[in-house]
file my_file.pdb (PDB, C-alpha atoms)
ATOM      1  CA  MET D 804      69.414  84.676  70.794
ATOM      2  CA  SER D 805      71.743  86.038  73.454
ATOM      3  CA  ARG D 806      70.506  89.294  74.981
ATOM      4  CA  ILE D 807      74.047  90.637  75.129
ATOM      5  CA  GLY D 808      75.348  89.065  71.920
ATOM      6  CA  ARG D 809      72.679  90.436  69.619
ATOM      7  CA  LEU D 810      73.436  94.088  70.460
ATOM      8  CA  ALA D 811      75.489  95.917  67.835
ATOM      9  CA  ILE D 812      78.727  97.564  68.942
ATOM     10  CA  ALA D 813      78.910 101.219  67.903
ATOM     11  CA  VAL D 814      82.358 102.165  66.631
ATOM     12  CA  PRO D 815      83.265 105.801  67.432
ATOM     13  CA  SER D 816      85.182 107.977  64.993
ATOM     14  CA  GLY D 817      88.932 107.453  65.094
ATOM     15  CA  VAL D 818      88.595 103.732  65.915
ATOM     16  CA  THR D 819      89.113 101.032  63.284
ATOM     17  CA  VAL D 820      88.048  97.399  63.583
ATOM     18  CA  ALA D 821      89.708  94.782  61.369
ATOM     19  CA  VAL D 822      88.362  91.227  61.226
ATOM     20  CA  GLU D 823      90.862  88.566  60.205
ATOM     21  CA  PRO D 824      90.339  84.794  60.277
ATOM     22  CA  GLY D 825      90.329  83.865  63.971
ATOM     23  CA  THR D 826      91.300  87.368  65.179
ATOM     24  CA  VAL D 827      89.761  90.811  65.645
ATOM     25  CA  ARG D 828      92.082  93.822  65.799
ATOM     26  CA  VAL D 829      90.983  97.208  67.117
ATOM     27  CA  SER D 830      93.091 100.354  66.931
ATOM     28  CA  GLY D 831      92.383 103.858  68.145
ATOM     29  CA  PRO D 832      93.926 106.905  69.785
ATOM     30  CA  ARG D 833      94.842 105.029  73.008
ATOM     31  CA  GLY D 834      96.489 102.006  71.407
ATOM     32  CA  LYS D 835      95.983  98.751  69.526
ATOM     33  CA  LEU D 836      94.380  95.567  70.858
ATOM     34  CA  ALA D 837      93.711  92.133  69.399
ATOM     35  CA  VAL D 838      91.701  89.134  70.556
ATOM     36  CA  ALA D 839      91.425  85.573  69.269
ATOM     37  CA  ILE D 840      87.878  84.633  68.277
ATOM     38  CA  ASN D 841      86.323  81.217  68.825
ATOM     39  CA  PRO D 842      85.310  79.588  65.513
ATOM     40  CA  LEU D 843      81.721  79.274  66.801
ATOM     41  CA  ALA D 844      81.309  83.080  66.626
ATOM     42  CA  GLU D 845      81.237  85.204  63.475
ATOM     43  CA  VAL D 846      82.166  88.897  63.531
ATOM     44  CA  LYS D 847      81.079  91.316  60.792
ATOM     45  CA  VAL D 848      81.794  95.030  60.442
ATOM     46  CA  GLU D 849      78.874  96.895  58.848
ATOM     47  CA  GLY D 850      79.401 100.658  58.559
ATOM     48  CA  ASN D 851      79.989 102.109  62.034
ATOM     49  CA  ALA D 852      78.819  98.976  63.839
ATOM     50  CA  VAL D 853      80.189  95.538  64.627
ATOM     51  CA  ASN D 854      77.796  92.587  64.805
ATOM     52  CA  VAL D 855      78.520  89.203  66.373
ATOM     53  CA  THR D 856      76.529  86.103  65.390
ATOM     54  CA  ARG D 857      76.900  82.421  66.181
ATOM     55  CA  ARG D 858      77.225  79.522  63.770
ATOM     56  CA  ASP D 859      74.784  77.158  65.510
ATOM     57  CA  ASP D 860      72.559  77.014  68.587
ATOM     58  CA  SER D 861      74.633  74.672  70.756
ATOM     59  CA  ARG D 862      75.214  75.470  74.420
ATOM     60  CA  THR D 863      78.888  76.283  73.820
ATOM     61  CA  ALA D 864      78.095  78.571  70.870
ATOM     62  CA  ARG D 865      75.505  80.447  72.955
ATOM     63  CA  GLY D 866      78.082  81.039  75.691
ATOM     64  CA  VAL D 867      80.782  82.147  73.252
ATOM     65  CA  HIS D 868      78.366  84.520  71.486
ATOM     66  CA  GLY D 869      77.887  86.943  74.378
ATOM     67  CA  LEU D 870      81.497  86.636  75.530
ATOM     68  CA  THR D 871      82.856  87.535  72.095
ATOM     69  CA  ARG D 872      80.589  90.570  71.831
ATOM     70  CA  VAL D 873      81.632  91.854  75.279
ATOM     71  CA  LEU D 874      85.350  91.340  74.564
ATOM     72  CA  ILE D 875      85.111  93.350  71.334
ATOM     73  CA  ALA D 876      83.004  96.067  73.011
ATOM     74  CA  ASN D 877      85.621  96.363  75.793
ATOM     75  CA  MET D 878      88.393  96.692  73.201
ATOM     76  CA  VAL D 879      86.498  99.454  71.351
ATOM     77  CA  THR D 880      85.883 101.319  74.625
ATOM     78  CA  GLY D 881      89.502 100.811  75.712
ATOM     79  CA  VAL D 882      91.125 102.224  72.571
ATOM     80  CA  SER D 883      88.720 105.186  72.473
ATOM     81  CA  THR D 884      88.347 106.283  76.138
ATOM     82  CA  GLY D 885      90.393 103.793  78.182
ATOM     83  CA  PHE D 886      89.817 102.141  81.556
ATOM     84  CA  ARG D 887      90.945 103.129  85.046
ATOM     85  CA  ARG D 888      91.049 101.687  88.548
ATOM     86  CA  VAL D 889      91.719 103.779  91.638
ATOM     87  CA  LEU D 890      93.452 102.271  94.677
ATOM     88  CA  GLU D 891      93.749 103.906  98.084
ATOM     89  CA  ILE D 892      96.533 103.295 100.604
ATOM     90  CA  THR D 893      95.641 103.507 104.301
ATOM     91  CA  GLY D 894      98.144 103.301 107.133
ATOM     92  CA  VAL D 895     100.676 105.406 108.992
ATOM     93  CA  GLY D 896     103.802 105.748 106.853
ATOM     94  CA  TYR D 897     102.263 103.884 103.896
ATOM     95  CA  ARG D 898     102.869 105.734 100.633
ATOM     96  CA  ALA D 899     103.588 105.305  96.942
ATOM     97  CA  GLU D 900     105.451 107.140  94.207
ATOM     98  CA  VAL D 901     105.989 106.534  90.497
ATOM     99  CA  LYS D 902     109.608 106.072  89.425
ATOM    100  CA  GLY D 903     109.914 105.559  85.676
ATOM    101  CA  ARG D 904     107.995 102.415  84.653
ATOM    102  CA  ALA D 905     107.576 101.225  88.261
ATOM    103  CA  ILE D 906     105.741 102.155  91.441
ATOM    104  CA  GLN D 907     107.764 102.292  94.653
ATOM    105  CA  LEU D 908     105.635 101.501  97.701
ATOM    106  CA  ALA D 909     106.330 101.835 101.422
ATOM    107  CA  LEU D 910     103.900  99.369 103.026
ATOM    108  CA  GLY D 911     105.317  98.751 106.477
ATOM    109  CA  TYR D 912     107.779  96.090 105.391
ATOM    110  CA  SER D 913     111.501  96.338 106.187
ATOM    111  CA  HIS D 914     112.166  97.313 102.559
ATOM    112  CA  PRO D 915     110.412  99.376  99.871
ATOM    113  CA  VAL D 916     108.374  97.306  97.406
ATOM    114  CA  ILE D 917     109.060  98.066  93.736
ATOM    115  CA  PHE D 918     106.179  97.078  91.451
ATOM    116  CA  PRO D 919     107.062  97.139  87.703
ATOM    117  CA  LEU D 920     104.209  98.264  85.450
ATOM    118  CA  PRO D 921     103.302  96.019  82.509
ATOM    119  CA  GLU D 922     103.461  97.360  78.960
ATOM    120  CA  GLY D 923     100.366  99.410  78.101
ATOM    121  CA  ILE D 924      99.627 100.480  81.688
ATOM    122  CA  GLN D 925     100.159 103.972  83.106
ATOM    123  CA  ALA D 926     100.016 104.916  86.775
ATOM    124  CA  GLU D 927      99.536 108.204  88.590
ATOM    125  CA  VAL D 928      99.958 108.813  92.314
ATOM    126  CA  ASP D 929      97.974 111.598  94.022
ATOM    127  CA  ARG D 930      98.890 112.765  97.531
ATOM    128  CA  GLN D 931     101.114 109.630  97.957
ATOM    129  CA  VAL D 932      98.063 107.568  99.024
ATOM    130  CA  SER D 933      95.924 107.318  95.876
ATOM    131  CA  ILE D 934      97.077 105.277  92.874
ATOM    132  CA  THR D 935      95.262 105.521  89.535
ATOM    133  CA  ILE D 936      95.913 102.681  87.082
ATOM    134  CA  LYS D 937      95.011 103.513  83.452
ATOM    135  CA  GLY D 938      95.159 101.583  80.197
ATOM    136  CA  ALA D 939      93.319 100.418  77.095
ATOM    137  CA  ASP D 940      93.039  96.721  78.025
ATOM    138  CA  LYS D 941      90.323  96.242  80.664
ATOM    139  CA  ALA D 942      91.602  92.849  81.801
ATOM    140  CA  LEU D 943      95.186  94.096  82.157
ATOM    141  CA  VAL D 944      94.084  97.169  84.145
ATOM    142  CA  GLY D 945      92.070  94.960  86.518
ATOM    143  CA  GLN D 946      94.843  92.389  86.858
ATOM    144  CA  THR D 947      97.452  95.065  87.609
ATOM    145  CA  ALA D 948      95.201  96.654  90.242
ATOM    146  CA  ALA D 949      94.579  93.240  91.819
ATOM    147  CA  LYS D 950      98.320  92.495  91.988
ATOM    148  CA  LEU D 951      98.982  95.880  93.613
ATOM    149  CA  ARG D 952      96.194  95.258  96.155
ATOM    150  CA  ALA D 953      97.648  91.820  96.937
ATOM    151  CA  LEU D 954     100.931  93.401  98.098
ATOM    152  CA  ARG D 955      99.176  94.485 101.328
ATOM    153  CA  LYS D 956      95.515  93.488 101.535
ATOM    154  CA  PRO D 957      93.287  95.626 103.783
ATOM    155  CA  ASP D 958      93.330  94.537 107.420
ATOM    156  CA  PRO D 959      89.803  94.005 108.844
ATOM    157  CA  TYR D 960      90.879  95.144 112.337
ATOM    158  CA  LYS D 961      92.676  98.439 111.698
ATOM    159  CA  GLY D 962      91.813  99.013 108.020
ATOM    160  CA  LYS D 963      95.476  99.351 106.984
ATOM    161  CA  GLY D 964      96.530  98.279 103.505
ATOM    162  CA  ILE D 965      95.710  98.859  99.833
ATOM    163  CA  LYS D 966      92.052  98.822  98.809
ATOM    164  CA  TYR D 967      89.994  99.784  95.793
ATOM    165  CA  ALA D 968      88.474 103.270  96.073
ATOM    166  CA  ASP D 969      84.927 101.881  95.820
ATOM    167  CA  GLU D 970      85.582  98.921  98.155
ATOM    168  CA  TYR D 971      84.025  98.707 101.604
ATOM    169  CA  ILE D 972      86.071  96.920 104.286
ATOM    170  CA  ARG D 973      83.989  95.239 107.008
ATOM    171  CA  ARG D 974      85.693  96.061 110.245
ATOM    172  CA  LYS D 975      86.038  93.462 112.993
ATOM    173  CA  VAL D 976      86.073  94.087 116.731
ATOM    174  CA  GLY D 977      89.309  93.255 118.551
ATOM    175  CA  LYS D 978      89.910  90.947 121.526
ATOM    176  CA  LYS D 979      88.570  93.233 124.238
ATOM    177  CA  ALA D 980      84.977  92.920 122.995
ATOM    178  CA  GLY D 981      84.793  89.207 123.884
ATOM    179  CA  ALA D 982      86.530  89.465 127.265
ATOM    180  CA  LYS D 983      84.592  89.593 130.543
TER     181      LYS D 983
END

call {"tool": "encode", "arguments": {"input": "my_file.pdb", "output": "structure tokens"}}
result
Amino acid sequence: MSRIGRLAIAVPSGVTVAVEPGTVRVSGPRGKLAVAINPLAEVKVEGNAVNVTRRDDSRTARGVHGLTRVLIANMVTGVSTGFRRVLEITGVGYRAEVKGRAIQLALGYSHPVIFPLPEGIQAEVDRQVSITIKGADKALVGQTAAKLRALRKPDPYKGKGIKYADEYIRRKVGKKAGAK
């Protein structure tokens, strides 16, 4: 039995889980999410817990078992408390501000970069150099943060760019270190 898949998912108050053929829908105070379920996994709601089992013991079913349980657990956490990623902007003149459903960034290019936010994602900018991405869908929050970071990846020489708040950038030494 999968160590992850056999754990029951506790459903907090205010969150409802509906199991339909091939789909699990979760709704709560922060939104509604749905995920398609592989036919090799079975999902059952029992009281305030959700249990995931597998139909057989094949290699594919074992892999799908834990994945399905984690996807549902992430949806329950997302609609109850939500997920967040914090990005930091480093560089002289680099800044960000929220304008409606988009983030306007000054990243050293000849023009401001306007990044539209996907549906279900909120953004906050603190001190013009810290961006907080929030939402109920963990994958969408991570993907949005990764796309923002890709607009100006951190430079290993000067450290300029957009990085995750918990990311460490290994700094490189410039040309003068190798010269005689």

call {"tool": "resolve_selection", "arguments": {"input": "my_file.pdb", "expression": "the PyMOL selection byres ((chain D and resi 877) around 12)", "output": "ChimeraX atom specification"}}
result
/D:812-814,829,836-838,870-876,878-886,938-944

call {"tool": "residues_around", "arguments": {"input": "my_file.pdb", "residues": "Lys975 in chain D", "least_positions_apart": "6", "cutoff": "10 Å", "atoms": "all atoms listed in the file", "output": "ChimeraX atom specification"}}
result
/D:958-962

call {"tool": "closest_residue", "arguments": {"input": "my_file.pdb", "among": "D:Glu927, D:Glu823, D:Asp859, D:Glu849", "to": "Val889 in chain D", "atoms": "all atoms listed in the file"}}
result
D:Glu927

call {"tool": "axis_aligned_box", "arguments": {"input": "my_file.pdb", "around": "range 872-877 of chain D", "padding_each_side": "5 Å", "output": "JSON"}}
result
{"center_x": 83.1, "center_y": 93.5, "center_z": 73.6, "size_x": 15.0, "size_y": 15.8, "size_z": 14.5}

call {"tool": "atom_distance", "arguments": {"input": "my_file.pdb", "atom1": "CA of Val928 in chain D", "atom2": "CA of Ile906 in chain D"}}
result
8.9 Å

call {"tool": "resolve_selection", "arguments": {"input": "my_file.pdb", "expression": "the PyMOL selection byres ((chain D and resi 905) around 12)", "output": "PDB file with C-alpha atoms, in the frame of the given file"}}
result
ATOM      1  CA  ALA D 899     103.588 105.305  96.942  1.00  0.00           C
ATOM      2  CA  GLU D 900     105.451 107.140  94.207  1.00  0.00           C
ATOM      3  CA  VAL D 901     105.989 106.534  90.497  1.00  0.00           C
ATOM      4  CA  LYS D 902     109.608 106.072  89.425  1.00  0.00           C
ATOM      5  CA  GLY D 903     109.914 105.559  85.676  1.00  0.00           C
ATOM      6  CA  ARG D 904     107.995 102.415  84.653  1.00  0.00           C
ATOM      7  CA  ILE D 906     105.741 102.155  91.441  1.00  0.00           C
ATOM      8  CA  GLN D 907     107.764 102.292  94.653  1.00  0.00           C
ATOM      9  CA  LEU D 908     105.635 101.501  97.701  1.00  0.00           C
ATOM     10  CA  VAL D 916     108.374  97.306  97.406  1.00  0.00           C
ATOM     11  CA  ILE D 917     109.060  98.066  93.736  1.00  0.00           C
ATOM     12  CA  PHE D 918     106.179  97.078  91.451  1.00  0.00           C
ATOM     13  CA  PRO D 919     107.062  97.139  87.703  1.00  0.00           C
ATOM     14  CA  LEU D 920     104.209  98.264  85.450  1.00  0.00           C
ATOM     15  CA  PRO D 921     103.302  96.019  82.509  1.00  0.00           C
ATOM     16  CA  GLU D 922     103.461  97.360  78.960  1.00  0.00           C
ATOM     17  CA  ILE D 924      99.627 100.480  81.688  1.00  0.00           C
ATOM     18  CA  GLN D 925     100.159 103.972  83.106  1.00  0.00           C
ATOM     19  CA  ALA D 926     100.016 104.916  86.775  1.00  0.00           C
ATOM     20  CA  GLU D 927      99.536 108.204  88.590  1.00  0.00           C
ATOM     21  CA  VAL D 928      99.958 108.813  92.314  1.00  0.00           C
ATOM     22  CA  ILE D 936      95.913 102.681  87.082  1.00  0.00           C
ATOM     23  CA  THR D 947      97.452  95.065  87.609  1.00  0.00           C
ATOM     24  CA  LEU D 951      98.982  95.880  93.613  1.00  0.00           C
TER      25      LEU D 951
END

call {"tool": "resolve_selection", "arguments": {"input": "my_file.pdb", "expression": "the PyMOL selection byres ((chain D and resi 964-973) around 8)", "output": "PyMOL selection string"}}
result
chain D and resi 888-894+910+951-959+962-963+974-975

call {"tool": "closest_residue", "arguments": {"input": "my_file.pdb", "among": "D:Asn851, D:Asn841, D:Thr856, D:Thr935", "to": "Arg887 in chain D", "atoms": "all atoms listed in the file"}}
result
D:Thr935

call {"tool": "closest_residue", "arguments": {"input": "my_file.pdb", "among": "D:Val976, D:Val895, D:Val932, D:Val853", "to": "Arg809 in chain D", "atoms": "only C-alpha atoms"}}
result
D:Val853

call {"tool": "decode", "arguments": {"input": "my_file.pdb", "residues": "range 873-968 of chain D", "atoms": "C-alpha atoms", "output": "short mmCIF file (atom, residue, chain, number, x, y, z; two decimals), in the first residue's frame"}}
result
data_model
loop_
_atom_site.label_atom_id
_atom_site.label_comp_id
_atom_site.auth_asym_id
_atom_site.auth_seq_id
_atom_site.Cartn_x
_atom_site.Cartn_y
_atom_site.Cartn_z
CA VAL D 873 -2.03 14.41 -3.04
CA LEU D 874 -4.04 16.23 -5.73
CA ILE D 875 -7.22 16.01 -3.65
CA ALA D 876 -5.37 17.04 -0.46
CA ASN D 877 -3.94 20.09 -2.28
CA MET D 878 -7.42 21.05 -3.48
CA VAL D 879 -8.85 20.79 0.06
CA THR D 880 -5.99 22.91 1.44
CA GLY D 881 -6.34 25.41 -1.42
CA VAL D 882 -10.06 26.08 -0.99
CA SER D 883 -9.74 26.33 2.80
CA THR D 884 -6.48 28.29 3.40
CA GLY D 885 -4.99 28.90 -0.06
CA PHE D 886 -1.43 28.87 -1.37
CA ARG D 887 1.10 31.67 -1.81
CA ARG D 888 4.48 32.26 -3.41
CA VAL D 889 6.63 35.30 -2.67
CA LEU D 890 8.97 36.73 -5.31
CA GLU D 891 11.63 39.36 -4.71
CA ILE D 892 12.93 41.84 -7.29
CA THR D 893 16.57 42.91 -7.03
CA GLY D 894 18.19 45.59 -9.17
CA VAL D 895 18.49 49.34 -9.45
CA GLY D 896 15.28 50.73 -10.93
CA TYR D 897 13.55 47.33 -10.96
CA ARG D 898 10.03 47.55 -9.54
CA ALA D 899 6.50 46.24 -9.85
CA GLU D 900 2.97 47.50 -9.31
CA VAL D 901 -0.48 45.94 -9.64
CA LYS D 902 -2.78 47.59 -12.18
CA GLY D 903 -6.19 45.92 -12.28
CA ARG D 904 -5.80 42.25 -13.28
CA ALA D 905 -2.16 42.71 -14.37
CA ILE D 906 1.26 43.40 -12.90
CA GLN D 907 3.34 46.13 -14.52
CA LEU D 908 7.07 45.49 -14.13
CA ALA D 909 10.09 47.69 -14.81
CA LEU D 910 12.93 45.19 -15.31
CA GLY D 911 15.60 47.15 -17.13
CA TYR D 912 14.14 46.64 -20.59
CA SER D 913 13.36 49.57 -22.90
CA HIS D 914 9.65 49.13 -22.13
CA PRO D 915 7.54 48.18 -19.09
CA VAL D 916 6.48 44.52 -19.02
CA ILE D 917 2.77 43.94 -18.42
CA PHE D 918 2.01 40.48 -17.01
CA PRO D 919 -1.73 39.56 -17.05
CA LEU D 920 -2.85 37.47 -14.07
CA PRO D 921 -4.74 34.25 -14.80
CA GLU D 922 -8.25 33.74 -13.43
CA GLY D 923 -8.18 32.65 -9.78
CA ILE D 924 -4.85 34.31 -8.96
CA GLN D 925 -4.41 37.45 -6.86
CA ALA D 926 -1.21 39.46 -6.53
CA GLU D 927 0.02 41.97 -3.97
CA VAL D 928 3.11 44.17 -4.27
CA ASP D 929 4.93 45.33 -1.11
CA ARG D 930 7.52 48.11 -1.27
CA GLN D 931 7.60 47.76 -5.13
CA VAL D 932 10.13 44.90 -4.85
CA SER D 933 8.17 42.04 -3.26
CA ILE D 934 5.38 40.27 -5.15
CA THR D 935 3.03 37.86 -3.36
CA ILE D 936 1.08 35.48 -5.61
CA LYS D 937 -2.00 33.92 -3.93
CA GLY D 938 -4.64 31.46 -5.06
CA ALA D 939 -6.51 28.24 -4.35
CA ASP D 940 -4.90 26.10 -7.08
CA LYS D 941 -1.37 25.10 -6.03
CA ALA D 942 -0.23 24.27 -9.56
CA LEU D 943 -1.54 27.55 -10.97
CA VAL D 944 0.14 29.59 -8.21
CA GLY D 945 3.46 27.85 -8.88
CA GLN D 946 3.15 28.18 -12.65
CA THR D 947 2.32 31.90 -12.41
CA ALA D 948 5.29 32.51 -10.10
CA ALA D 949 7.58 30.59 -12.48
CA LYS D 950 6.40 32.64 -15.47
CA LEU D 951 7.00 35.89 -13.55
CA ARG D 952 10.49 34.71 -12.56
CA ALA D 953 11.25 33.81 -16.18
CA LEU D 954 10.73 37.44 -17.26
CA ARG D 955 14.13 38.31 -15.73
CA LYS D 956 15.93 35.36 -14.15
CA PRO D 957 18.45 36.17 -11.39
CA ASP D 958 21.91 37.00 -12.71
CA PRO D 959 24.67 34.94 -11.02
CA TYR D 960 27.20 37.80 -11.30
CA LYS D 961 25.32 40.80 -9.90
CA GLY D 962 22.24 39.08 -8.43
CA LYS D 963 19.81 41.28 -10.40
CA GLY D 964 16.45 39.86 -11.44
CA ILE D 965 13.35 38.18 -10.00
CA LYS D 966 13.87 35.33 -7.54
CA TYR D 967 11.78 33.35 -5.10
CA ALA D 968 12.00 34.67 -1.53
#
